[in-house]
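*Asks:* Data: target.csv, CSV, C-alpha atoms.
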chain,number,residue,atom,x,y,z
A,1,MET,CA,12.1,-7.6,23.9
A,2,ILE,CA,12.3,-9.4,27.2
A,3,GLY,CA,15.8,-8.2,28.0
A,4,ARG,CA,14.7,-4.5,27.8
A,5,PHE,CA,12.9,-4.1,31.1
A,6,THR,CA,15.7,-2.6,33.2
A,7,ARG,CA,15.2,0.3,35.6
A,8,ALA,CA,16.8,3.7,35.4
A,9,ALA,CA,17.2,6.1,38.3
A,10,VAL,CA,16.3,9.6,36.9
A,11,ALA,CA,14.5,12.5,38.6
A,12,VAL,CA,10.7,12.5,38.6
A,13,THR,CA,9.0,15.2,36.5
A,14,ALA,CA,6.5,17.5,38.2
A,15,LEU,CA,3.1,17.5,36.7
A,16,GLY,CA,3.0,21.2,35.9
A,17,THR,CA,6.4,21.3,34.2
A,18,LEU,CA,6.0,18.0,32.2
A,19,ALA,CA,6.7,19.5,28.8
A,20,ALA,CA,9.7,21.6,29.8
A,21,THR,CA,12.9,19.8,29.3
A,22,ALA,CA,14.5,16.4,28.7
A,23,ALA,CA,16.1,16.6,32.2
A,24,CYS,CA,12.5,16.4,33.6
A,25,GLY,CA,11.7,13.2,31.7
A,26,VAL,CA,10.8,14.9,28.4
A,27,ASP,CA,12.5,14.6,25.1
A,28,SER,CA,11.3,17.1,22.5
A,29,GLY,CA,11.9,14.7,19.6
A,30,ASP,CA,13.4,16.1,16.5
A,31,GLY,CA,12.2,19.7,16.2
A,32,GLY,CA,9.3,22.0,16.1
A,33,SER,CA,6.1,22.5,14.1
A,34,SER,CA,5.8,21.9,10.3
A,35,ALA,CA,2.0,22.4,10.0
A,36,SER,CA,1.0,24.6,7.1
A,37,ALA,CA,-2.1,26.7,6.6
A,38,GLY,CA,-4.9,25.4,4.4
A,39,LYS,CA,-4.2,21.7,5.1
A,40,ALA,CA,-5.7,19.3,7.6
A,41,LYS,CA,-4.7,20.0,11.2
A,42,ALA,CA,-1.2,18.8,12.0
A,43,LEU,CA,-1.2,16.9,15.2
A,44,LYS,CA,0.4,17.3,18.6
A,45,VAL,CA,1.7,13.8,19.5
A,46,GLY,CA,3.2,12.6,22.8
A,47,TRP,CA,4.7,9.2,23.6
A,48,SER,CA,4.7,8.0,27.3
A,49,THR,CA,7.0,5.1,27.8
A,50,ILE,CA,7.6,3.3,31.1
A,51,TYR,CA,11.3,3.1,30.3
A,52,LEU,CA,13.6,4.8,27.8
A,53,THR,CA,17.1,3.6,28.8
A,54,PRO,CA,17.1,-0.1,27.6
A,55,SER,CA,18.4,-0.7,24.1
A,56,TRP,CA,15.1,-2.0,22.8
A,57,MET,CA,13.5,1.3,23.8
A,58,GLN,CA,16.3,3.3,22.4
A,59,GLN,CA,15.8,1.6,19.0
A,60,THR,CA,12.1,2.1,19.2
A,61,ASP,CA,12.6,5.8,20.0
A,62,LYS,CA,14.8,6.2,17.0
A,63,MET,CA,12.3,4.5,14.7
A,64,LEU,CA,9.5,6.7,16.0
A,65,LYS,CA,11.5,9.9,15.6
A,66,ASP,CA,12.4,8.9,12.0
A,67,ASP,CA,8.8,8.3,11.2
A,68,VAL,CA,7.7,11.5,12.9
A,69,ALA,CA,10.2,13.4,10.8
A,70,GLN,CA,8.4,12.0,7.7
A,71,LEU,CA,5.0,12.8,9.1
A,72,LYS,CA,6.1,16.4,9.8
A,73,LYS,CA,7.2,16.7,6.2
A,74,ASP,CA,3.8,15.5,5.1
A,75,GLY,CA,2.2,18.1,7.3
A,76,LYS,CA,0.4,15.5,9.5
A,77,VAL,CA,2.4,16.0,12.7
A,78,ALA,CA,3.2,19.5,14.2
A,79,ASP,CA,4.9,18.5,17.4
A,80,TYR,CA,6.2,15.4,19.1
A,81,GLN,CA,7.3,14.9,22.7
A,82,VAL,CA,8.7,11.8,24.5
A,83,PHE,CA,7.9,11.3,28.2
A,84,ASN,CA,10.0,8.8,30.2
A,85,ALA,CA,8.4,7.5,33.4
A,86,ASN,CA,11.7,5.9,34.5
A,87,GLY,CA,9.9,2.7,35.6
A,88,ASP,CA,7.4,4.6,37.8
A,89,THR,CA,3.7,3.7,36.9
A,90,SER,CA,2.4,6.6,39.0
A,91,GLN,CA,4.7,9.0,37.1
A,92,GLN,CA,3.4,7.6,33.8
A,93,ILE,CA,-0.2,8.2,34.9
A,94,ALA,CA,0.8,11.8,35.8
A,95,GLN,CA,2.4,12.3,32.4
A,96,ILE,CA,-0.8,11.0,30.6
A,97,ARG,CA,-3.0,13.3,32.6
A,98,ALA,CA,-0.7,16.3,31.9
A,99,MET,CA,-1.0,15.5,28.2
A,100,ILE,CA,-4.8,15.6,28.5
A,101,GLN,CA,-4.6,19.0,30.2
A,102,GLN,CA,-2.2,20.2,27.5
A,103,LYS,CA,-4.7,19.1,24.8
A,104,TYR,CA,-2.5,16.6,22.9
A,105,ASP,CA,-4.2,15.2,19.8
A,106,VAL,CA,-2.5,11.8,20.0
A,107,ILE,CA,-1.0,9.9,23.0
A,108,LEU,CA,1.2,6.8,22.4
A,109,VAL,CA,1.8,4.5,25.4
A,110,ASP,CA,4.1,1.6,26.2
A,111,ALA,CA,2.5,0.7,29.5
A,112,GLY,CA,4.1,0.1,32.8
A,113,SER,CA,0.9,-1.7,34.0
A,114,SER,CA,-1.8,-3.6,32.2
A,115,THR,CA,-4.5,-2.1,34.5
A,116,ALA,CA,-3.3,0.9,36.5
A,117,LEU,CA,-3.2,3.2,33.4
A,118,ASN,CA,-6.7,2.3,32.2
A,119,PRO,CA,-8.5,5.2,34.0
A,120,ALA,CA,-6.1,7.8,32.7
A,121,LEU,CA,-6.1,6.5,29.2
A,122,GLU,CA,-9.9,6.2,29.1
A,123,GLN,CA,-10.1,9.8,30.4
A,124,ALA,CA,-7.9,10.8,27.4
A,125,ALA,CA,-10.1,8.9,25.0
A,126,GLY,CA,-13.2,10.5,26.5
A,127,ALA,CA,-11.6,13.9,26.0
A,128,GLY,CA,-11.4,13.2,22.3
A,129,ILE,CA,-7.7,12.3,22.3
A,130,THR,CA,-6.6,9.4,20.1
A,131,VAL,CA,-4.8,6.9,22.3
A,132,ALA,CA,-2.6,4.1,20.8
A,133,ASN,CA,-0.9,1.5,23.1
A,134,PHE,CA,1.8,-0.8,21.9
A,135,ASP,CA,4.2,-3.5,23.1
A,136,SER,CA,3.3,-3.7,26.8
A,137,LEU,CA,-0.5,-3.6,26.6
A,138,VAL,CA,-3.3,-2.4,28.8
A,139,THR,CA,-6.6,-4.2,29.2
A,140,SER,CA,-8.9,-1.3,28.2
A,141,ASP,CA,-10.8,-1.6,25.0
A,142,LYS,CA,-11.2,2.1,24.7
A,143,VAL,CA,-7.8,2.5,23.1
A,144,VAL,CA,-6.1,1.2,20.0
A,145,ARG,CA,-3.8,-1.7,21.0
A,146,VAL,CA,-0.9,-2.9,18.9
A,147,GLY,CA,1.0,-6.0,19.9
A,148,THR,CA,2.0,-9.5,19.2
A,149,ASP,CA,0.5,-12.8,20.4
A,150,GLN,CA,2.8,-14.0,23.2
A,151,LYS,CA,1.2,-17.4,23.4
A,152,GLU,CA,1.8,-17.9,19.6
A,153,TRP,CA,5.4,-17.0,20.3
A,154,GLY,CA,5.8,-19.9,22.6
A,155,ARG,CA,3.5,-22.2,20.5
A,156,MET,CA,5.6,-21.6,17.4
A,157,MET,CA,8.9,-22.3,19.3
A,158,GLY,CA,7.5,-25.4,20.9
A,159,ARG,CA,6.3,-26.9,17.6
A,160,TRP,CA,9.6,-26.2,15.9
A,161,LEU,CA,11.6,-27.8,18.7
A,162,GLY,CA,9.4,-30.9,18.8
A,163,GLU,CA,9.7,-31.3,15.0
A,164,LYS,CA,13.5,-30.6,15.1
A,165,LEU,CA,13.9,-33.4,17.7
A,166,GLY,CA,11.9,-35.8,15.6
A,167,GLY,CA,9.2,-35.9,18.2
A,168,LYS,CA,11.2,-37.3,21.1
A,169,GLY,CA,14.0,-36.3,23.5
A,170,LYS,CA,14.7,-34.5,26.7
A,171,ILE,CA,14.6,-30.7,27.0
A,172,ILE,CA,15.2,-27.9,29.5
A,173,ALA,CA,12.6,-25.2,29.5
A,174,PHE,CA,14.3,-21.9,30.1
A,175,ASN,CA,11.7,-19.3,31.1
A,176,GLY,CA,11.7,-15.8,32.6
A,177,PRO,CA,10.8,-14.9,36.2
A,178,ALA,CA,7.8,-16.8,37.6
A,179,GLY,CA,4.7,-14.8,37.6
A,180,VAL,CA,5.7,-12.3,34.8
A,181,ALA,CA,2.8,-12.2,32.3
A,182,VAL,CA,4.9,-12.4,29.2
A,183,SER,CA,6.9,-15.3,30.5
A,184,GLU,CA,3.8,-17.2,31.6
A,185,GLU,CA,2.0,-16.7,28.3
A,186,ARG,CA,4.9,-17.8,26.2
A,187,TRP,CA,5.4,-20.9,28.3
A,188,GLN,CA,1.6,-21.7,28.0
A,189,GLY,CA,2.0,-21.5,24.3
A,190,ALA,CA,5.1,-23.7,24.3
A,191,GLN,CA,3.3,-26.4,26.2
A,192,GLU,CA,0.5,-26.3,23.7
A,193,GLY,CA,3.0,-26.7,20.8
A,194,LEU,CA,4.8,-29.5,22.6
A,195,LYS,CA,1.6,-31.4,23.2
A,196,GLN,CA,1.9,-32.6,19.5
A,197,TYR,CA,5.1,-34.4,20.5
A,198,PRO,CA,4.4,-36.5,23.6
A,199,GLY,CA,7.8,-38.1,23.2
A,200,VAL,CA,9.5,-34.8,24.2
A,201,LYS,CA,10.0,-34.6,27.9
A,202,VAL,CA,10.7,-31.5,30.0
A,203,VAL,CA,13.4,-32.6,32.5
A,204,SER,CA,13.9,-29.2,34.1
A,205,ASN,CA,11.9,-26.0,34.1
A,206,VAL,CA,14.2,-23.1,34.9
A,207,HIS,CA,13.3,-19.5,35.7
A,208,SER,CA,15.7,-16.7,35.5
A,209,GLU,CA,16.0,-12.9,35.3
A,210,TYR,CA,16.4,-11.6,31.8
A,211,ASN,CA,20.1,-10.8,32.2
A,212,LEU,CA,23.1,-12.8,31.0
A,213,ALA,CA,24.9,-13.4,34.3
A,214,PRO,CA,22.0,-14.8,36.3
A,215,ALA,CA,20.7,-16.7,33.3
A,216,ALA,CA,24.1,-18.3,32.7
A,217,GLN,CA,24.2,-19.4,36.3
A,218,ALA,CA,20.7,-20.8,36.3
A,219,PHE,CA,21.2,-22.7,33.0
A,220,ALA,CA,24.6,-24.1,34.1
A,221,SER,CA,23.0,-25.5,37.2
A,222,ALA,CA,20.1,-27.2,35.3
A,223,TYR,CA,22.5,-28.5,32.6
A,224,SER,CA,24.9,-29.9,35.2
A,225,ALA,CA,21.9,-32.0,36.5
A,226,ASN,CA,20.7,-32.9,33.0
A,227,PRO,CA,23.8,-33.2,30.7
A,228,ASP,CA,22.1,-35.6,28.3
A,229,ILE,CA,19.4,-33.1,27.0
A,230,ASP,CA,18.5,-33.0,23.3
A,231,GLY,CA,17.2,-29.4,23.2
A,232,VAL,CA,16.3,-26.2,25.0
A,233,PHE,CA,13.1,-24.3,24.8
A,234,SER,CA,14.2,-20.8,25.7
A,235,GLN,CA,12.1,-17.6,25.6
A,236,GLY,CA,14.9,-15.7,24.0
A,237,GLY,CA,17.0,-12.7,24.8
A,238,ALA,CA,19.9,-13.3,27.2
A,239,LEU,CA,18.4,-16.6,28.2
A,240,SER,CA,19.2,-18.2,24.8
A,241,ALA,CA,22.6,-16.6,24.7
A,242,ALA,CA,23.4,-18.0,28.2
A,243,ALA,CA,22.3,-21.5,27.2
A,244,LEU,CA,24.3,-21.6,24.0
A,245,GLN,CA,27.3,-19.9,25.6
A,246,THR,CA,27.3,-22.6,28.3
A,247,LEU,CA,27.4,-25.4,25.7
A,248,VAL,CA,30.1,-23.7,23.7
A,249,LYS,CA,32.4,-23.0,26.7
A,250,GLN,CA,32.0,-26.6,28.0
A,251,LYS,CA,32.5,-27.9,24.4
A,252,LYS,CA,29.3,-29.9,24.6
A,253,LYS,CA,26.9,-31.0,21.9
A,254,LEU,CA,25.2,-28.0,20.4
A,255,VAL,CA,21.6,-29.0,20.8
A,256,PRO,CA,18.8,-26.9,19.3
A,257,ILE,CA,17.8,-23.8,21.3
A,258,THR,CA,14.9,-21.5,20.5
A,259,GLY,CA,15.6,-17.8,20.7
A,260,GLU,CA,15.0,-14.1,20.0
A,261,ASN,CA,16.6,-11.3,18.0
A,262,TYR,CA,19.0,-10.5,20.8
A,263,ASN,CA,22.2,-9.7,18.9
A,264,GLY,CA,24.4,-11.5,21.4
A,265,PHE,CA,22.5,-14.7,20.7
A,266,LEU,CA,22.4,-14.1,17.0
A,267,LYS,CA,26.2,-13.7,16.9
A,268,LEU,CA,26.8,-16.9,18.8
A,269,TRP,CA,24.3,-18.7,16.5
A,270,ASN,CA,26.1,-17.4,13.4
A,271,ASP,CA,29.5,-18.4,14.8
A,272,ASN,CA,28.4,-21.9,15.6
A,273,LYS,CA,26.1,-22.6,12.6
A,274,ALA,CA,28.8,-24.3,10.7
A,275,GLY,CA,29.3,-26.6,13.7
A,276,GLY,CA,25.7,-27.8,13.4
A,277,PHE,CA,23.9,-25.4,15.8
A,278,SER,CA,20.3,-24.6,14.7
A,279,SER,CA,17.6,-22.3,16.0
A,280,LEU,CA,14.3,-20.7,15.3
A,281,SER,CA,14.0,-17.2,16.7
A,282,THR,CA,11.5,-14.4,16.6
A,283,ALA,CA,11.1,-10.9,17.9
A,284,GLN,CA,9.0,-8.3,19.6
A,285,PRO,CA,9.6,-5.9,16.7
A,286,ASN,CA,10.4,-2.2,17.4
A,287,TYR,CA,8.1,-1.2,14.5
A,288,LEU,CA,5.1,-1.8,16.8
A,289,GLY,CA,5.6,1.8,17.8
A,290,VAL,CA,5.5,3.0,14.2
A,291,ILE,CA,2.4,1.0,13.5
A,292,ALA,CA,0.8,2.5,16.6
A,293,LEU,CA,1.8,6.0,15.5
A,294,ARG,CA,0.4,5.5,11.9
A,295,ALA,CA,-2.8,4.0,13.3
A,296,ALA,CA,-3.3,6.9,15.7
A,297,VAL,CA,-2.6,9.6,13.0
A,298,ALA,CA,-5.0,7.9,10.7
A,299,LYS,CA,-7.7,7.6,13.3
A,300,ALA,CA,-7.2,11.2,14.4
A,301,GLY,CA,-7.7,12.2,10.8
A,302,GLY,CA,-11.1,10.5,10.6
A,303,ALA,CA,-10.1,7.0,9.3
A,304,THR,CA,-11.6,3.8,10.7
A,305,VAL,CA,-8.8,1.9,12.4
A,306,PRO,CA,-9.1,-1.5,14.2
A,307,ASN,CA,-9.1,-1.3,18.0
A,308,GLN,CA,-6.8,-4.3,18.2
A,309,ILE,CA,-3.9,-4.8,15.8
A,310,MET,CA,-2.0,-8.1,16.2
A,311,VAL,CA,1.3,-7.9,14.3
A,312,PRO,CA,2.7,-11.2,12.9
A,313,LEU,CA,5.8,-12.5,14.6
A,314,PRO,CA,8.9,-12.5,12.3
A,315,LYS,CA,10.8,-15.7,11.9
A,316,ILE,CA,14.6,-15.9,12.1
A,317,THR,CA,15.9,-19.2,10.7
A,318,ASP,CA,19.2,-20.8,9.7
A,319,GLU,CA,18.5,-19.6,6.2
A,320,ASN,CA,17.9,-15.9,6.9
A,321,LEU,CA,20.0,-15.4,10.0
A,322,ASN,CA,22.6,-13.3,8.0
A,323,GLU,CA,19.8,-10.7,7.3
A,324,TYR,CA,19.5,-10.1,11.1
A,325,VAL,CA,22.8,-10.6,12.9
A,326,LYS,CA,24.8,-7.4,13.2
A,327,ALA,CA,28.5,-8.1,13.9
A,328,ASP,CA,29.2,-4.3,14.3
A,329,GLN,CA,26.4,-3.7,16.9
A,330,PRO,CA,26.3,-4.4,20.6
A,331,ASP,CA,25.2,-7.7,22.0
A,332,ASP,CA,22.2,-6.1,23.8
A,333,SER,CA,20.8,-4.6,20.6
A,334,TYR,CA,17.8,-6.2,18.8
A,335,PRO,CA,18.3,-6.2,15.0
A,336,ILE,CA,15.0,-6.1,13.0
A,337,GLN,CA,14.0,-5.7,9.4
A,338,THR,CA,12.0,-2.6,8.6
A,339,LEU,CA,8.3,-3.2,7.8
A,340,PRO,CA,7.2,-1.7,4.4
A,341,GLN,CA,4.7,1.1,4.6
A,342,SER,CA,2.3,-1.0,2.4
A,343,GLU,CA,2.3,-3.7,5.2
A,344,ILE,CA,1.7,-1.1,7.9
A,345,ASP,CA,-1.2,0.2,5.8
A,346,LYS,CA,-2.8,-3.2,5.6
A,347,LEU,CA,-2.5,-3.7,9.4
A,348,ILE,CA,-4.2,-0.4,10.2
A,349,GLY,CA,-7.0,-1.0,7.7
A,350,LYS,CA,-6.0,1.5,5.0
I'd like the structure from this file rewritten - as structure tokens, please.
*Replies:*
Amino acid sequence: MIGRFTRAAVAVTALGTLAATAACGVDSGDGGSSASAGKAKALKVGWSTIYLTPSWMQQTDKMLKDDVAQLKKDGKVADYQVFNANGDTSQQIAQIRAMIQQKYDVILVDAGSSTALNPALEQAAGAGITVANFDSLVTSDKVVRVGTDQKEWGRMMGRWLGEKLGGKGKIIAFNGPAGVAVSEERWQGAQEGLKQYPGVKVVSNVHSEYNLAPAAQAFASAYSANPDIDGVFSQGGALSAAALQTLVKQKKKLVPITGENYNGFLKLWNDNKAGGFSSLSTAQPNYLGVIALRAAVAKAGGATVPNQIMVPLPKITDENLNEYVKADQPDDSYPIQTLPQSEIDKLIGK
């Protein structure tokens, strides 16, 4: 998840022509209407995403389109459009307001701001539109929010690392940019998890961008100053890959490093597992979007749906790593297992 926030420079869509073409930030999904007479109304659905270019978003886009195709077959969705804000929060607000004007039934949102979108989303909800927000969440309680517990992410990793080290040792904490909410929440959780192991000492707290090159440079500097570490708490993505890559290249002891389902890290883990490397990783699963879509469709159809849906974090371990790592996929992909429909139904209260 954390490696996906990269900016794309694409032309901004004018409000009045929002639904015209993909070149204007709109992707028409996978086809036209399949609503049939005599059945419950098939819905007009739009997804506004702050970015679409990063690989995590591309995977999410594919999952959503696949699920929309099934919902069209079932007569529940008539039309589906994707609106890419290209990293511009004001553009995302304009897209949401255009969908209100165009009388969408459902608006899905992966938010560019936790607060700036609130007025537009609350306006949509007030107009009778079902709004479901996933992944990057807003603070408004007027919309359905689908996400994961970022503090639990860190807490789970911290506990595992402390236990793996037998309750003592020196570690480097490898976090994302200072001040970024996701990074701060995960590190808060990690500190809570590590409190159970007072013998584990953080000898360096490193911050880096979520890209491999700067992460490798940041970790190499911290490791050079602390070559006797026993483990690394890493928030995942390119950070974990950079840390492990450094140890491998320098032919150093492969200490435990926590991680994420970033395929470049999973490949390195798999290649070095026989040499004693061990990790616990998790994921911001792409199926958050599918859960949000199913929740919104159910709510729009009259069902009672929870306003906040917290999705359990998957665990990638030494034992099930082979179920996730994809040797034939790019390093910057995020392999994830599909979530059965029965589990989605439980989460949305069906």
*Asks:* For CA of Glu192 (chain A) and CA of Trp160 (chain A), determine how far apart the two atoms are, in Å to one decimal place.
*Replies:*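 CA of Glu192 (chain A) sits 12.0 Å away from CA of Trp160 (chain A).
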*Asks:* Nearest residue to Asn226 (chain A) out of A:Ile171, A:Ile316, A:Ala42, A:Ala124, using all atoms listed in the file?
*Replies:* A:Ile171
*Asks:* Using all atoms listed in the file, can you tell me which of A:Leu321, A:Val131, A:Ile172, A:Ala40 comes closest to Val77 (chain A)?
*Replies:* A:Ala40
*Asks:* Report, in Å with one decimal, the straight-line distance from CA of Ala98 (chain A) to CA of Ser113 (chain A).
*Replies:*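 Computed distance, CA of Ala98 (chain A) to CA of Ser113 (chain A), equals 18.2 Å.
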*Asks:* At what distance in Å, to one decimal, does CA of Val202 (chain A) lie from CA of Ile257 (chain A)?
*Replies:*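 Calculated distance between CA of Ile257 (chain A) and CA of Val202 (chain A) is 13.6 Å.
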